[in-house]
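Right, one structure below, let's go through it.
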Amino acid sequence: MVQELQIFQQHLSKTGRKVTQERIEIAKAFLSTEGHITADELLQKLQRSGVAVGRATLYRTLAVLCEAGLAVKRQFDEGTARYERLYGHKRHDHLVCTRCGKIIEFESPLIERVQQEVFLAHDFLAHSRRVELYGLCKECRE
């Protein structure tokens, strides 16, 4: 997380933004989270640890984390934006349970190969890609 915080602080400085304690606390809380988190969940996490931050500052800081390449904003079918750490994480895809909202991350070399074949067949240069499969998890099917 130290390297991620340095990248975040450098991005703030490079873009003319102040490095404030609030922003650092938000970044630390986010970067210590695994999986997918909503802004409200992150705000609750900060409040539980005794850190008081404004909602607007939280949203702006999440946007800066995305700009810096440290996070990505995901919009799954339920409509709520979720944020996921990017730095140092392998590319992966998602299985999303439409009943309980559970998100399962998975990697598939086969999907990667098929995508590359499609890109080559259509002479297409992809700058991003996303695979989300929706259905019911094991627990919701039982």
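We label chains A, B, ... in the order they appear in the structure tokens, count residues from 1 in each chain, and number ligands from 1 in the order shown.
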Would you mind listing what lies within 6 Å of Tyr134 in chain A as a PyMOL selection string, with only C-alpha atoms counted and same-chain residues fewer than 5 positions away left out?
chain A and resi 95-97
Excluding range 22-25 of chain A and residues on its chain fewer than 2 positions from it, collect all residues at most 9 Å away from it, counting only C-alpha atoms, and give them as a ChimeraX atom specification.
/A:5,8-9,18-20,27-30,46,51-54,57-58,61
Write a file of the just-selected residues containing C-alpha atoms, as a CSV table (one decimal), in the first residue's frame.
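Output below, filename part18.csv:
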chain,number,residue,atom,x,y,z
A,5,LEU,CA,-0.1,6.0,-1.5
A,8,PHE,CA,-1.8,8.9,-5.2
A,9,GLN,CA,0.2,11.7,-3.6
A,18,LYS,CA,-3.6,19.6,-2.2
A,19,VAL,CA,-2.4,16.5,-0.3
A,20,THR,CA,-4.7,16.7,2.7
A,27,ALA,CA,-7.0,6.5,0.2
A,28,LYS,CA,-5.6,4.4,3.1
A,29,ALA,CA,-9.1,3.0,3.9
A,30,PHE,CA,-9.8,2.3,0.3
A,46,LEU,CA,-13.9,5.5,7.9
A,51,VAL,CA,-12.1,9.3,10.8
A,52,ALA,CA,-14.6,12.1,9.9
A,53,VAL,CA,-14.8,13.0,6.2
A,54,GLY,CA,-17.4,14.7,4.1
A,57,THR,CA,-14.6,14.8,-0.3
A,58,LEU,CA,-15.0,11.0,-0.4
A,61,THR,CA,-11.1,11.3,-3.7
Skipping near chain neighbours, those fewer than 4 positions away, what residues fall within 10 Å of Arg129 in chain A using only C-alpha atoms, listed as a list of chain:residue names?
A:Arg91, A:Asp93, A:Gln115
Expected file contents, prior selection, C-alpha atoms, as a PDB file, in the first residue's frame:
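Saved result, out_21.pdb, follows:
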ATOM      1  CA  ARG A  91      -6.981  -8.736 -14.707  1.00  0.00           C
ATOM      2  CA  ASP A  93     -13.789 -10.902 -14.598  1.00  0.00           C
ATOM      3  CA  GLN A 115     -10.959 -11.954 -26.801  1.00  0.00           C
TER       4      GLN A 115
END
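Taking only C-alpha atoms, the non-local environment of His92 in chain A within 10 Å (same-chain residues fewer than 5 positions away omitted) comprises Ile104, Glu105, Phe106, Glu107, Ser108, Pro109, Glu112, Arg130, Val131 and Glu132 of chain A.
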Tell me which protein, DNA and RNA residues are within 12 Å of Lys14 in chain A, counting only C-alpha atoms, leaving out same-chain ones fewer than 6 positions away, and put them as a list in words.
Gln6, Ile7, Phe8, Val64, Glu67 and Ala68 of chain A
Per DSSP on the backbone, what are the strand (DSSP E) residues of range 8-89 of chain A, as a ChimeraX atom specification?
/A:36-37,71-75,81-85
Please identify all polymer residues within 8 Å of Ala71 in chain A, counting only C-alpha atoms, omitting same-chain residues fewer than 2 positions from it, and present them as a VMD selection string.
chain A and resid 62 65 to 69 73 83 to 87
Could you give me, as number ranges by chain, the residues within 10 Å of Cys140 in chain A, counting only C-alpha atoms and dropping anything in the same chain fewer than 6 positions from it?
A: 97-100, 102
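Interatomic distance, CA of Lys138 in chain A to CA of Phe76 in chain A: 19.1 Å.
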One residue among A:Asp40, A:Val2, A:Leu133, A:Ser13 is nearest to Ala81 in chain A when using only C-alpha atoms, and that residue is A:Asp40
Running DSSP on the backbone, which parts of range 10-87 of chain A land in alpha helix (DSSP H), as number ranges by chain?
A: 10-14, 21-31, 39-48, 55-67
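CA of Ala126 in chain A lies 27.3 Å from CA of Thr38 in chain A.
The smallest atom-to-atom distance between Gly135 in chain A and any of A:Ile103, A:Ile111, A:Leu12, A:Val118, using only C-alpha atoms, is found for A:Ile103.
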